[in-house]
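Pasted below: input_18.cif, mmCIF, C-alpha atoms.
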data_start
loop_
_atom_site.label_atom_id
_atom_site.label_comp_id
_atom_site.auth_asym_id
_atom_site.auth_seq_id
_atom_site.Cartn_x
_atom_site.Cartn_y
_atom_site.Cartn_z
CA MET A 1 -21.17 -23.60 5.87
CA GLY A 2 -18.44 -26.00 4.77
CA ASN A 3 -20.97 -28.58 3.54
CA ASP A 4 -22.88 -25.87 1.67
CA LEU A 5 -19.72 -24.76 -0.09
CA ASN A 6 -18.75 -28.32 -0.97
CA HIS A 7 -22.22 -28.82 -2.44
CA GLU A 8 -21.93 -25.64 -4.51
CA LEU A 9 -18.57 -26.75 -5.86
CA ARG A 10 -20.13 -30.03 -7.01
CA ASP A 11 -23.47 -28.80 -8.30
CA GLY A 12 -22.33 -27.73 -11.77
CA ARG A 13 -22.59 -23.96 -11.26
CA ASP A 14 -20.35 -21.70 -13.32
CA LEU A 15 -17.43 -20.25 -11.38
CA VAL A 16 -15.25 -17.14 -11.63
CA VAL A 17 -11.91 -16.23 -10.10
CA GLY A 18 -10.63 -12.81 -9.06
CA LEU A 19 -6.94 -12.15 -8.38
CA ASP A 20 -5.26 -9.29 -6.54
CA ALA A 21 -1.57 -9.54 -7.45
CA GLY A 22 0.59 -7.06 -5.55
CA GLY A 23 4.20 -6.51 -4.65
CA THR A 24 4.23 -8.81 -1.61
CA ARG A 25 1.64 -11.47 -2.40
CA THR A 26 -1.11 -12.66 -4.71
CA ARG A 27 -4.63 -13.25 -3.38
CA ALA A 28 -7.16 -15.37 -5.24
CA VAL A 29 -10.90 -15.66 -4.65
CA LEU A 30 -13.20 -18.31 -6.15
CA ALA A 31 -16.84 -17.25 -6.48
CA ALA A 32 -20.11 -18.31 -8.02
CA ALA A 33 -20.62 -16.63 -11.40
CA ASP A 34 -24.33 -16.01 -10.91
CA ASP A 35 -24.40 -14.26 -7.53
CA GLY A 36 -20.74 -13.66 -6.63
CA ARG A 37 -20.86 -15.76 -3.46
CA VAL A 38 -17.31 -16.41 -2.26
CA LEU A 39 -16.48 -20.13 -2.26
CA GLY A 40 -12.80 -20.06 -1.43
CA GLU A 41 -9.72 -17.88 -0.91
CA SER A 42 -5.97 -18.49 -1.16
CA THR A 43 -2.64 -16.73 -1.49
CA GLY A 44 0.54 -17.08 -3.52
CA GLY A 45 3.82 -15.26 -4.02
CA PRO A 46 4.41 -11.68 -5.25
CA GLY A 47 2.52 -10.61 -8.36
CA ASN A 48 3.94 -7.28 -9.54
CA ALA A 49 3.92 -7.68 -13.33
CA MET A 50 6.82 -5.29 -13.83
CA THR A 51 9.22 -6.55 -11.17
CA VAL A 52 8.56 -10.31 -10.97
CA PRO A 53 10.03 -12.26 -13.94
CA VAL A 54 7.35 -13.96 -16.02
CA PRO A 55 8.37 -17.54 -15.10
CA GLN A 56 8.20 -16.74 -11.38
CA LEU A 57 4.99 -14.75 -11.85
CA THR A 58 3.46 -17.76 -13.59
CA ASP A 59 4.47 -20.00 -10.68
CA HIS A 60 3.00 -17.61 -8.11
CA LEU A 61 -0.30 -17.35 -9.99
CA ALA A 62 -0.49 -21.12 -10.47
CA GLU A 63 0.20 -21.56 -6.77
CA ALA A 64 -2.69 -19.31 -5.75
CA LEU A 65 -5.07 -20.76 -8.35
CA ALA A 66 -4.28 -24.38 -7.47
CA ARG A 67 -5.07 -23.71 -3.82
CA VAL A 68 -8.42 -22.04 -4.44
CA VAL A 69 -9.90 -24.04 -7.34
CA PRO A 70 -10.39 -27.75 -6.58
CA GLU A 71 -9.27 -29.97 -9.43
CA GLY A 72 -12.78 -31.32 -9.96
CA ALA A 73 -14.20 -27.82 -10.37
CA ARG A 74 -11.63 -26.34 -12.73
CA ALA A 75 -13.56 -27.12 -15.91
CA ARG A 76 -16.40 -24.88 -14.69
CA VAL A 77 -14.35 -21.68 -14.34
CA VAL A 78 -15.80 -19.41 -17.01
CA ALA A 79 -13.94 -16.15 -16.33
CA VAL A 80 -10.78 -15.02 -14.53
CA THR A 81 -9.79 -11.41 -13.91
CA GLY A 82 -6.50 -10.38 -12.37
CA GLY A 83 -5.71 -6.99 -10.90
CA PHE A 84 -1.94 -6.66 -11.15
CA ALA A 85 0.48 -4.12 -9.77
CA GLY A 86 2.39 -2.90 -12.82
CA ALA A 87 -0.45 -3.53 -15.32
CA THR A 88 -3.43 -1.58 -16.66
CA ALA A 89 -6.68 -2.33 -18.44
CA ALA A 90 -6.21 0.77 -20.58
CA SER A 91 -3.66 -0.77 -22.96
CA ALA A 92 -3.11 -4.40 -23.95
CA GLU A 93 0.30 -3.38 -25.33
CA ASP A 94 1.53 -1.99 -22.01
CA PRO A 95 4.61 -4.07 -21.03
CA GLY A 96 3.29 -4.94 -17.58
CA THR A 97 -0.12 -5.85 -18.97
CA ALA A 98 1.42 -8.12 -21.61
CA ARG A 99 3.58 -9.85 -19.01
CA ALA A 100 0.62 -10.33 -16.67
CA ARG A 101 -1.57 -11.79 -19.41
CA THR A 102 1.18 -14.15 -20.55
CA ALA A 103 1.79 -15.41 -17.02
CA LEU A 104 -1.91 -15.74 -16.16
CA THR A 105 -2.72 -17.58 -19.38
CA GLU A 106 0.16 -20.02 -18.84
CA ALA A 107 -0.88 -20.62 -15.22
CA LEU A 108 -4.44 -21.44 -16.30
CA VAL A 109 -3.22 -23.81 -19.02
CA ARG A 110 -0.89 -25.53 -16.55
CA LEU A 111 -3.78 -26.23 -14.20
CA GLY A 112 -6.31 -27.17 -16.87
CA ILE A 113 -8.58 -24.20 -16.17
CA PRO A 114 -10.25 -23.40 -19.51
CA ALA A 115 -11.54 -19.94 -18.64
CA GLY A 116 -13.29 -18.54 -21.66
CA ARG A 117 -12.62 -14.96 -20.63
CA VAL A 118 -9.32 -13.81 -19.11
CA GLY A 119 -9.09 -10.19 -18.02
CA VAL A 120 -6.09 -8.17 -16.87
CA CYS A 121 -6.25 -4.79 -15.19
CA SER A 122 -4.25 -2.84 -12.64
CA ASP A 123 -4.59 -3.63 -8.95
CA ILE A 124 -5.91 -0.08 -8.56
CA GLU A 125 -8.61 -0.54 -11.20
CA ALA A 126 -9.64 -3.73 -9.40
CA ALA A 127 -9.68 -1.94 -6.03
CA PHE A 128 -11.90 0.79 -7.50
CA ALA A 129 -14.35 -1.84 -8.75
CA ALA A 130 -14.41 -3.34 -5.23
CA ALA A 131 -16.38 -0.36 -3.91
CA PRO A 132 -20.12 -0.89 -3.31
CA GLY A 133 -22.04 -1.00 -6.57
CA THR A 134 -18.96 -1.82 -8.69
CA PRO A 135 -18.53 1.79 -9.87
CA SER A 136 -17.21 2.52 -13.34
CA GLU A 137 -16.33 6.21 -12.97
CA GLY A 138 -14.47 8.21 -10.34
CA LEU A 139 -11.14 8.52 -8.57
CA ALA A 140 -8.94 5.90 -6.93
CA LEU A 141 -6.30 6.62 -4.30
CA VAL A 142 -3.75 4.14 -2.96
CA ALA A 143 -1.63 4.94 0.08
CA GLY A 144 0.37 2.03 1.37
CA THR A 145 4.05 1.37 0.79
CA GLY A 146 3.65 3.55 -2.31
CA ALA A 147 1.15 6.25 -3.23
CA VAL A 148 -0.74 6.91 -6.46
CA ALA A 149 -4.07 8.35 -7.59
CA MET A 150 -5.96 7.59 -10.79
CA ARG A 151 -9.02 8.80 -12.63
CA ILE A 152 -11.16 5.83 -13.67
CA THR A 153 -13.35 6.14 -16.76
CA ASP A 154 -15.42 3.19 -17.98
CA ARG A 155 -13.46 1.05 -15.49
CA HIS A 156 -10.14 1.97 -17.13
CA ALA A 157 -7.49 4.25 -15.65
CA THR A 158 -7.21 7.30 -17.90
CA THR A 159 -5.07 9.65 -15.80
CA THR A 160 -2.36 8.86 -13.25
CA VAL A 161 -0.81 11.14 -10.63
CA ASP A 162 2.37 10.07 -8.81
CA GLY A 163 3.03 6.38 -8.30
CA ASP A 164 6.51 7.27 -9.53
CA GLY A 165 8.34 4.97 -7.12
CA TRP A 166 10.52 5.56 -4.10
CA LEU A 167 13.27 7.38 -6.01
CA LEU A 168 11.11 9.93 -7.82
CA GLY A 169 7.75 10.10 -6.06
CA ASP A 170 5.26 8.17 -3.93
CA GLU A 171 4.88 11.30 -1.79
CA GLY A 172 2.90 10.75 1.39
CA SER A 173 3.36 6.97 1.17
CA GLY A 174 4.57 4.53 3.80
CA PHE A 175 8.01 4.73 2.23
CA TRP A 176 7.95 8.52 2.34
CA ILE A 177 6.87 8.50 6.00
CA GLY A 178 9.48 5.91 6.94
CA ARG A 179 12.25 7.81 5.20
CA SER A 180 11.14 10.96 6.98
CA ALA A 181 11.46 9.14 10.31
CA VAL A 182 15.06 8.18 9.61
CA ARG A 183 15.85 11.68 8.36
CA ALA A 184 14.38 13.14 11.55
CA ALA A 185 16.63 10.84 13.60
CA LEU A 186 19.69 11.94 11.66
CA ARG A 187 18.77 15.62 11.92
CA MET A 188 18.30 15.31 15.67
CA ALA A 189 21.68 13.62 15.98
CA ASP A 190 23.61 16.23 13.98
CA GLY A 191 21.87 19.19 15.62
CA ARG A 192 19.67 20.41 12.78
CA GLY A 193 16.38 18.98 13.97
CA ARG A 194 14.06 18.99 16.95
CA PRO A 195 14.21 16.25 19.58
CA THR A 196 11.96 13.29 18.82
CA VAL A 197 11.38 9.82 20.20
CA LEU A 198 11.85 8.60 16.63
CA ALA A 199 15.65 8.70 17.01
CA GLY A 200 15.64 6.07 19.73
CA TRP A 201 12.85 4.03 18.18
CA VAL A 202 14.49 3.92 14.75
CA GLY A 203 17.81 3.04 16.34
CA ARG A 204 16.34 0.16 18.32
CA THR A 205 14.49 -1.16 15.27
CA LEU A 206 17.79 -1.22 13.36
CA GLY A 207 19.53 -3.03 16.20
CA LEU A 208 21.98 -0.22 17.03
CA PRO A 209 24.05 -0.62 20.21
CA VAL A 210 22.16 0.56 23.26
CA ASP A 211 24.99 2.85 24.34
CA VAL A 212 24.65 5.07 21.21
CA LEU A 213 20.89 5.65 21.62
CA PRO A 214 19.42 8.75 23.27
CA LYS A 215 18.47 8.16 26.89
CA GLY A 216 15.61 9.54 28.90
CA SER A 217 12.56 11.49 27.73
CA ILE A 218 12.49 13.61 24.59
CA PRO A 219 11.22 17.17 25.27
CA SER A 220 9.19 17.68 22.09
CA TYR A 221 6.44 19.68 23.87
CA ASP A 222 6.22 22.28 26.56
CA HIS A 223 3.91 21.99 29.55
CA GLY A 224 0.94 23.27 27.58
CA GLY A 225 1.22 20.50 25.00
CA ILE A 226 2.38 22.91 22.30
CA ALA A 227 5.30 22.10 20.06
CA GLN A 228 8.39 24.06 20.98
CA PRO A 229 9.87 26.29 18.26
CA SER A 230 12.62 24.55 16.32
CA GLY A 231 15.00 27.52 16.27
CA THR A 232 18.60 26.64 15.49
CA GLY A 233 21.52 25.11 17.26
CA ALA A 234 21.89 22.41 19.85
CA HIS A 235 18.42 20.85 20.09
CA SER A 236 19.92 17.39 20.60
CA THR A 237 22.07 18.50 23.51
CA ALA A 238 18.83 19.05 25.46
CA VAL A 239 18.52 15.26 25.69
CA PRO A 240 20.29 14.12 28.86
CA GLY A 241 23.20 11.77 28.27
CA TRP A 242 23.30 12.24 24.50
CA GLU A 243 26.37 14.37 24.05
CA ARG A 244 28.03 15.08 20.71
CA ALA A 245 30.38 12.07 20.76
CA ARG A 246 27.48 9.67 21.39
CA ARG A 247 25.45 11.29 18.62
CA GLU A 248 28.36 10.85 16.21
CA ASP A 249 28.46 7.16 17.13
CA PHE A 250 24.70 6.96 16.54
CA ARG A 251 25.13 8.32 13.02
CA ARG A 252 28.05 6.04 12.24
CA HIS A 253 26.00 2.99 13.17
CA LEU A 254 22.68 4.10 11.70
CA LEU A 255 23.79 4.95 8.17
CA PRO A 256 25.31 1.57 7.24
CA ALA A 257 22.39 -0.24 8.91
CA VAL A 258 19.95 1.63 6.66
CA MET A 259 22.07 1.25 3.53
CA ALA A 260 22.32 -2.52 4.02
CA ASP A 261 18.65 -2.95 3.04
CA PRO A 262 16.82 -2.07 -0.21
CA PRO A 263 15.53 1.53 0.01
CA ILE A 264 11.89 0.45 -0.03
CA ARG A 265 12.46 -1.20 3.36
CA LEU A 266 12.32 2.28 4.87
CA ALA A 267 8.55 1.86 4.75
CA ARG A 268 8.77 -0.36 7.83
CA PHE A 269 9.39 2.73 9.96
CA ALA A 270 6.01 4.26 9.07
CA PRO A 271 4.19 2.56 11.98
CA LEU A 272 6.76 4.07 14.36
CA VAL A 273 5.74 7.52 13.17
CA ALA A 274 2.07 6.74 13.74
CA ASP A 275 2.80 5.47 17.26
CA ALA A 276 4.99 8.48 18.08
CA ALA A 277 2.34 10.89 16.81
CA ALA A 278 -0.24 9.14 19.00
CA GLU A 279 2.06 9.92 21.94
CA ARG A 280 2.08 13.60 20.90
CA ASP A 281 5.59 13.67 19.50
CA ALA A 282 5.88 16.97 17.64
CA VAL A 283 8.16 15.74 14.86
CA ALA A 284 6.09 12.63 14.15
CA GLY A 285 2.91 14.69 14.07
CA ALA A 286 4.45 17.08 11.57
CA ILE A 287 5.50 14.16 9.33
CA LEU A 288 1.96 12.75 9.22
CA SER A 289 0.50 16.19 8.57
CA GLU A 290 2.84 16.74 5.64
CA ALA A 291 2.05 13.25 4.29
CA ALA A 292 -1.67 14.08 4.32
CA ASP A 293 -0.89 17.35 2.50
CA HIS A 294 0.96 15.40 -0.20
CA LEU A 295 -1.95 13.00 -0.70
CA LEU A 296 -4.38 15.91 -0.92
CA GLU A 297 -2.17 17.50 -3.57
CA THR A 298 -2.11 14.19 -5.47
CA VAL A 299 -5.91 13.95 -5.45
CA ARG A 300 -6.39 17.60 -6.42
CA ALA A 301 -4.14 17.13 -9.44
CA LEU A 302 -6.91 14.92 -10.88
CA GLU A 303 -9.24 17.95 -10.79
CA PRO A 304 -12.02 16.23 -8.85
CA ARG A 305 -15.56 17.51 -9.03
CA PRO A 306 -17.37 18.25 -5.73
CA GLY A 307 -18.94 15.07 -4.45
CA GLU A 308 -17.04 12.86 -6.86
CA ARG A 309 -16.36 9.39 -5.53
CA ILE A 310 -12.86 8.64 -4.22
CA VAL A 311 -12.23 4.96 -3.59
CA ALA A 312 -9.23 4.54 -1.30
CA THR A 313 -7.14 1.52 -0.40
CA GLY A 314 -3.88 0.84 1.38
CA GLY A 315 -2.96 0.53 5.04
CA LEU A 316 -2.45 4.26 5.61
CA LEU A 317 -6.09 4.99 4.76
CA GLY A 318 -7.87 2.03 6.34
CA PRO A 319 -10.18 2.14 9.37
CA GLN A 320 -7.14 2.38 11.67
CA GLY A 321 -4.88 4.14 9.17
CA PRO A 322 -2.84 7.07 10.52
CA LEU A 323 -3.72 9.29 7.54
CA THR A 324 -7.44 8.50 7.34
CA THR A 325 -8.66 11.29 9.59
CA PRO A 326 -6.25 14.07 8.54
CA LEU A 327 -6.81 13.39 4.84
CA ALA A 328 -10.59 13.09 5.25
CA GLU A 329 -10.64 16.46 7.00
CA ARG A 330 -8.65 18.07 4.18
CA LEU A 331 -10.86 16.51 1.50
CA HIS A 332 -14.02 17.60 3.29
CA THR A 333 -13.14 21.25 2.74
CA HIS A 334 -13.18 20.48 -1.01
CA GLY A 335 -16.52 18.66 -0.90
CA LEU A 336 -14.88 15.23 -1.19
CA SER A 337 -14.91 12.06 0.90
CA LEU A 338 -13.20 8.67 0.97
CA ASP A 339 -14.78 5.26 0.37
CA TRP A 340 -12.25 2.69 1.64
CA VAL A 341 -11.85 -0.90 0.39
CA ALA A 342 -9.50 -3.51 1.83
CA ASP A 343 -8.10 -4.78 -1.49
CA GLY A 344 -8.95 -5.52 -5.10
CA CYS A 345 -10.16 -9.13 -4.84
CA PRO A 346 -13.90 -8.31 -4.64
CA GLY A 347 -13.43 -5.91 -7.56
CA ALA A 348 -11.61 -8.53 -9.64
CA VAL A 349 -14.44 -10.99 -8.94
CA ALA A 350 -17.02 -8.37 -9.94
CA LEU A 351 -15.15 -7.63 -13.17
CA ALA A 352 -14.90 -11.36 -13.97
CA ARG A 353 -18.65 -11.70 -13.46
CA LEU A 354 -19.29 -8.72 -15.72
CA ALA A 355 -17.09 -10.31 -18.40
CA HIS A 356 -19.11 -13.53 -18.31
CA PRO A 357 -22.36 -13.25 -20.29
CA SER A 358 -25.31 -14.34 -18.17
#

Conversion result in structure tokens:
Amino acid sequence: MGNDLNHELRDGRDLVVGLDAGGTRTRAVLAAADDGRVLGESTGGPGNAMTVPVPQLTDHLAEALARVVPEGARARVVAVTGGFAGATAASAEDPGTARARTALTEALVRLGIPAGRVGVCSDIEAAFAAAPGTPSEGLALVAGTGAVAMRITDRHATTTVDGDGWLLGDEGSGFWIGRSAVRAALRMADGRGRPTVLAGWVGRTLGLPVDVLPKGSIPSYDHGGIAQPSGTGAHSTAVPGWERARREDFRRHLLPAVMADPPIRLARFAPLVADAAAERDAVAGAILSEAADHLLETVRALEPRPGERIVATGGLLGPQGPLTTPLAERLHTHGLSLDWVADGCPGAVALARLAHPS
């Protein structure tokens, strides 16, 4: 395989590059322009066009491009398309789109890649195009750290629902789930919420002293496996060895530990909720159920037609995603189904190939 790829890089074929530039990293894929065969992959630093300053964004793009396009093949790159968080193909004057185009153009110039066609779109538009057949119309849903849905028309996003960030929206996202886990721990500690293993798990993840954590099993279910009614009053006192003074200490340690990190870091607690739900924790199960309800509401706000394609991406909706089954069941009652893609790189490659005249 390696010798075949080396031969293809030397045989004079036109090449294209697709980029998936997100909040944590930038992925780049080099492919043959004629048939889309992948010839190389690489990564670089964060690529959110709205949050990464243009000089750093340029460096991160150049880093990814330099790793994937050999110097001797750079003159044969005929088209580059980047799917950027914080950008959109719908408007060249959008601030994020302008920043992405500026950074991508400078990175190409720096490396001597004379791509005749440079395209910029959102990472969601690229992910939608990554679905089989490179669709041009339908709905896209992202549920990872954040959550957003878009209607795609002629490969451009025309309507957006949510994606409003951790402070104002992203309901049903990894951040939302993680924040709900910490809130459940606090509510258990102060007596407002049901017992849940999440209190101890969140506390351990934050490095709280062992002597402030709840000890023993958490009685979230009765013997029939049915969630106990929440009622009111001293739910937390049902946990052996976790009296009021210890719960007060738990709160005093937990709050500053959470506040020491950027709010978006709450998303790291989402896997704890998935694990707790798998162990039949009532509170964790309720959090995931509500998250799926939020995502359904987000999709329905786009007024989908029965049978309309929904291309989904993000870790919460992948093959092992904790929201895949509950959301699919909810969508099924509305005549809808999910078509999951791992990321936007194949879509960015497909869009670059479409931009290059054959």

Taking into account all atoms listed in the file, which residue in the set A:His334, A:Leu104, A:Pro95, A:Gly119 is nearest to Glu303 of chain A?
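Closest residue, counting all atoms listed in the file: A:His334.
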
Given only C-alpha atoms as the basis, pick out the residue of A:Ala301, A:Val29, A:Ala85, A:Met259 nearest to Met150 of chain A.
A:Ala301

Give me, as a Markdown table, each residue of segment 64-136 of chain A that comes within 9 Å of segment 344-350 of chain A, together with its shortest interatomic pair and the distance in Å at one decimal, counting all atoms listed in the file, with rows ordered by chain and rising residue number.
| residue | atom | partner | partner_atom | distance |
| --- | --- | --- | --- | --- |
| A:Val80 | CA | A:Val349 | CA | 7.8 |
| A:Thr81 | CA | A:Ala348 | CA | 5.5 |
| A:Gly82 | CA | A:Ala348 | CA | 6.1 |
| A:Gly83 | CA | A:Ala348 | CA | 6.2 |
| A:Gly119 | CA | A:Ala348 | CA | 8.9 |
| A:Cys121 | CA | A:Ala348 | CA | 8.6 |
| A:Asp123 | CA | A:Gly344 | CA | 6.1 |
| A:Ile124 | CA | A:Gly344 | CA | 7.1 |
| A:Glu125 | CA | A:Gly344 | CA | 7.9 |
| A:Ala126 | CA | A:Gly344 | CA | 4.7 |
| A:Ala127 | CA | A:Gly344 | CA | 3.8 |
| A:Phe128 | CA | A:Gly347 | CA | 6.9 |
| A:Ala129 | CA | A:Gly347 | CA | 4.3 |
| A:Ala130 | CA | A:Gly347 | CA | 3.6 |
| A:Ala131 | CA | A:Gly347 | CA | 7.3 |
| A:Thr134 | CA | A:Ala350 | CA | 6.9 |

Which value, in Å to one decimal, gives the distance between atom CA of Arg247 of chain A and atom CA of Ala184 of chain A?
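Calculated distance between atom CA of Arg247 of chain A and atom CA of Ala184 of chain A is 13.3 Å.
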
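The residue that comes closest to Glu106 of chain A, out of A:Gly86, A:Pro55, A:Gly207, A:Gly335 and on the basis of only C-alpha atoms, is A:Pro55.
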
Rounded to one decimal in Å, what is the spacing between atom CA of Arg265 of chain A and atom CA of Thr51 of chain A?
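Atom CA of Arg265 of chain A sits 15.8 Å away from atom CA of Thr51 of chain A.
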
Counting only C-alpha atoms, the option among A:Leu254, A:Ala75, A:Ser337, A:Gly285 closest to Pro114 of chain A:
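That would be A:Ala75, the residue with the smallest distance to Pro114 of chain A.
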
I need the residue nearest Leu302 of chain A from this list: A:Leu15, A:Leu139, A:Ile113, A:Ala284. Use all atoms listed in the file for the distance.
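Of all the options, A:Leu139 lies closest to Leu302 of chain A.
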
The PyMOL selection byres ((chain A and resi 175) around 12) resolved against shown file, as JSON, numbers by chain:
{"A": [143, 144, 145, 146, 147, 163, 165, 166, 167, 168, 169, 170, 171, 172, 173, 174, 176, 177, 178, 179, 180, 181, 182, 262, 263, 264, 265, 266, 267, 268, 269, 270, 271, 273, 291, 316]}

Separation of atom CA of Val161 of chain A and atom CA of Ala342 of chain A, in Å?
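So the answer is 21.1 Å.
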
A:Val78, A:Ala87, A:Val197, A:Val109: which is nearest Ala66 of chain A, counting all atoms listed in the file?
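Nearest to Ala66 of chain A: A:Val109.
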
With the file shown as input, list the residues that the PyMOL selection byres ((chain A and resi 36) around 12) selects, as a PyMOL selection string.
chain A and resi 13-18+29-35+37-40+345-354+356

Could you write out that same residue set with C-alpha atoms as a compact mmCIF listing (two decimals), in the coordinates of the input?
# COMPACT_ATOMS: atom_id res chain seq x y z
CA ARG A 13 -22.59 -23.96 -11.26
CA ASP A 14 -20.35 -21.70 -13.32
CA LEU A 15 -17.43 -20.25 -11.38
CA VAL A 16 -15.25 -17.14 -11.63
CA VAL A 17 -11.91 -16.23 -10.10
CA GLY A 18 -10.63 -12.81 -9.06
CA VAL A 29 -10.90 -15.66 -4.65
CA LEU A 30 -13.20 -18.31 -6.15
CA ALA A 31 -16.84 -17.25 -6.48
CA ALA A 32 -20.11 -18.31 -8.02
CA ALA A 33 -20.62 -16.63 -11.40
CA ASP A 34 -24.33 -16.01 -10.91
CA ASP A 35 -24.40 -14.26 -7.53
CA ARG A 37 -20.86 -15.76 -3.46
CA VAL A 38 -17.31 -16.41 -2.26
CA LEU A 39 -16.48 -20.13 -2.26
CA GLY A 40 -12.80 -20.06 -1.43
CA CYS A 345 -10.16 -9.13 -4.84
CA PRO A 346 -13.90 -8.31 -4.64
CA GLY A 347 -13.43 -5.91 -7.56
CA ALA A 348 -11.61 -8.53 -9.64
CA VAL A 349 -14.44 -10.99 -8.94
CA ALA A 350 -17.02 -8.37 -9.94
CA LEU A 351 -15.15 -7.63 -13.17
CA ALA A 352 -14.90 -11.36 -13.97
CA ARG A 353 -18.65 -11.70 -13.46
CA LEU A 354 -19.29 -8.72 -15.72
CA HIS A 356 -19.11 -13.53 -18.31

Tell me which residues the PyMOL selection byres ((chain A and resi 200) around 10) grabs here, as a PyMOL selection string.
chain A and resi 185+196-199+201-206+208+210+212-216+218+250

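Neighbours of Leu327 of chain A closer than or equal to 10 Å, with only C-alpha atoms counted and sequence neighbours fewer than 6 positions away skipped, come out as A:Leu288, A:Ser289, A:Ala291, A:Ala292, A:Asp293, A:His294, A:Leu295, A:Leu296, A:Leu317, A:Ser337, A:Leu338.
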
Using C-alpha atoms, can you export the residues from the last selection as a compact mmCIF listing (two decimals), keeping the file's coordinate frame?
# COMPACT_ATOMS: atom_id res chain seq x y z
CA LEU A 288 1.96 12.75 9.22
CA SER A 289 0.50 16.19 8.57
CA ALA A 291 2.05 13.25 4.29
CA ALA A 292 -1.67 14.08 4.32
CA ASP A 293 -0.89 17.35 2.50
CA HIS A 294 0.96 15.40 -0.20
CA LEU A 295 -1.95 13.00 -0.70
CA LEU A 296 -4.38 15.91 -0.92
CA LEU A 317 -6.09 4.99 4.76
CA SER A 337 -14.91 12.06 0.90
CA LEU A 338 -13.20 8.67 0.97

All heavy atoms modelled onto segment 19-23 of chain A, as a PDB file, keeping the file's coordinate frame:
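As written to disk, part_17.pdb reads:
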ATOM      1  N   LEU A  19      -8.291 -12.166  -8.923  1.00  0.00           N
ATOM      2  CA  LEU A  19      -6.940 -12.150  -8.380  1.00  0.00           C
ATOM      3  C   LEU A  19      -6.526 -10.726  -8.056  1.00  0.00           C
ATOM      4  O   LEU A  19      -6.805  -9.798  -8.827  1.00  0.00           O
ATOM      5  CB  LEU A  19      -5.941 -12.726  -9.399  1.00  0.00           C
ATOM      6  CG  LEU A  19      -6.083 -14.207  -9.768  1.00  0.00           C
ATOM      7  CD1 LEU A  19      -5.452 -14.449 -11.133  1.00  0.00           C
ATOM      8  CD2 LEU A  19      -5.440 -15.078  -8.719  1.00  0.00           C
ATOM      9  N   ASP A  20      -5.868 -10.569  -6.915  1.00  0.00           N
ATOM     10  CA  ASP A  20      -5.260  -9.290  -6.540  1.00  0.00           C
ATOM     11  C   ASP A  20      -3.768  -9.557  -6.385  1.00  0.00           C
ATOM     12  O   ASP A  20      -3.337 -10.110  -5.366  1.00  0.00           O
ATOM     13  CB  ASP A  20      -5.869  -8.752  -5.253  1.00  0.00           C
ATOM     14  CG  ASP A  20      -5.279  -7.412  -4.831  1.00  0.00           C
ATOM     15  OD1 ASP A  20      -4.873  -6.659  -5.719  1.00  0.00           O
ATOM     16  OD2 ASP A  20      -5.223  -7.134  -3.624  1.00  0.00           O
ATOM     17  N   ALA A  21      -2.998  -9.196  -7.403  1.00  0.00           N
ATOM     18  CA  ALA A  21      -1.570  -9.540  -7.450  1.00  0.00           C
ATOM     19  C   ALA A  21      -0.738  -8.295  -7.165  1.00  0.00           C
ATOM     20  O   ALA A  21      -0.610  -7.410  -8.017  1.00  0.00           O
ATOM     21  CB  ALA A  21      -1.212 -10.119  -8.821  1.00  0.00           C
ATOM     22  N   GLY A  22      -0.178  -8.235  -5.960  1.00  0.00           N
ATOM     23  CA  GLY A  22       0.590  -7.060  -5.550  1.00  0.00           C
ATOM     24  C   GLY A  22       2.052  -7.360  -5.357  1.00  0.00           C
ATOM     25  O   GLY A  22       2.548  -8.439  -5.693  1.00  0.00           O
ATOM     26  N   GLY A  23       2.748  -6.396  -4.776  1.00  0.00           N
ATOM     27  CA  GLY A  23       4.200  -6.510  -4.650  1.00  0.00           C
ATOM     28  C   GLY A  23       4.664  -7.516  -3.627  1.00  0.00           C
ATOM     29  O   GLY A  23       5.798  -7.980  -3.686  1.00  0.00           O
TER      30      GLY A  23
END
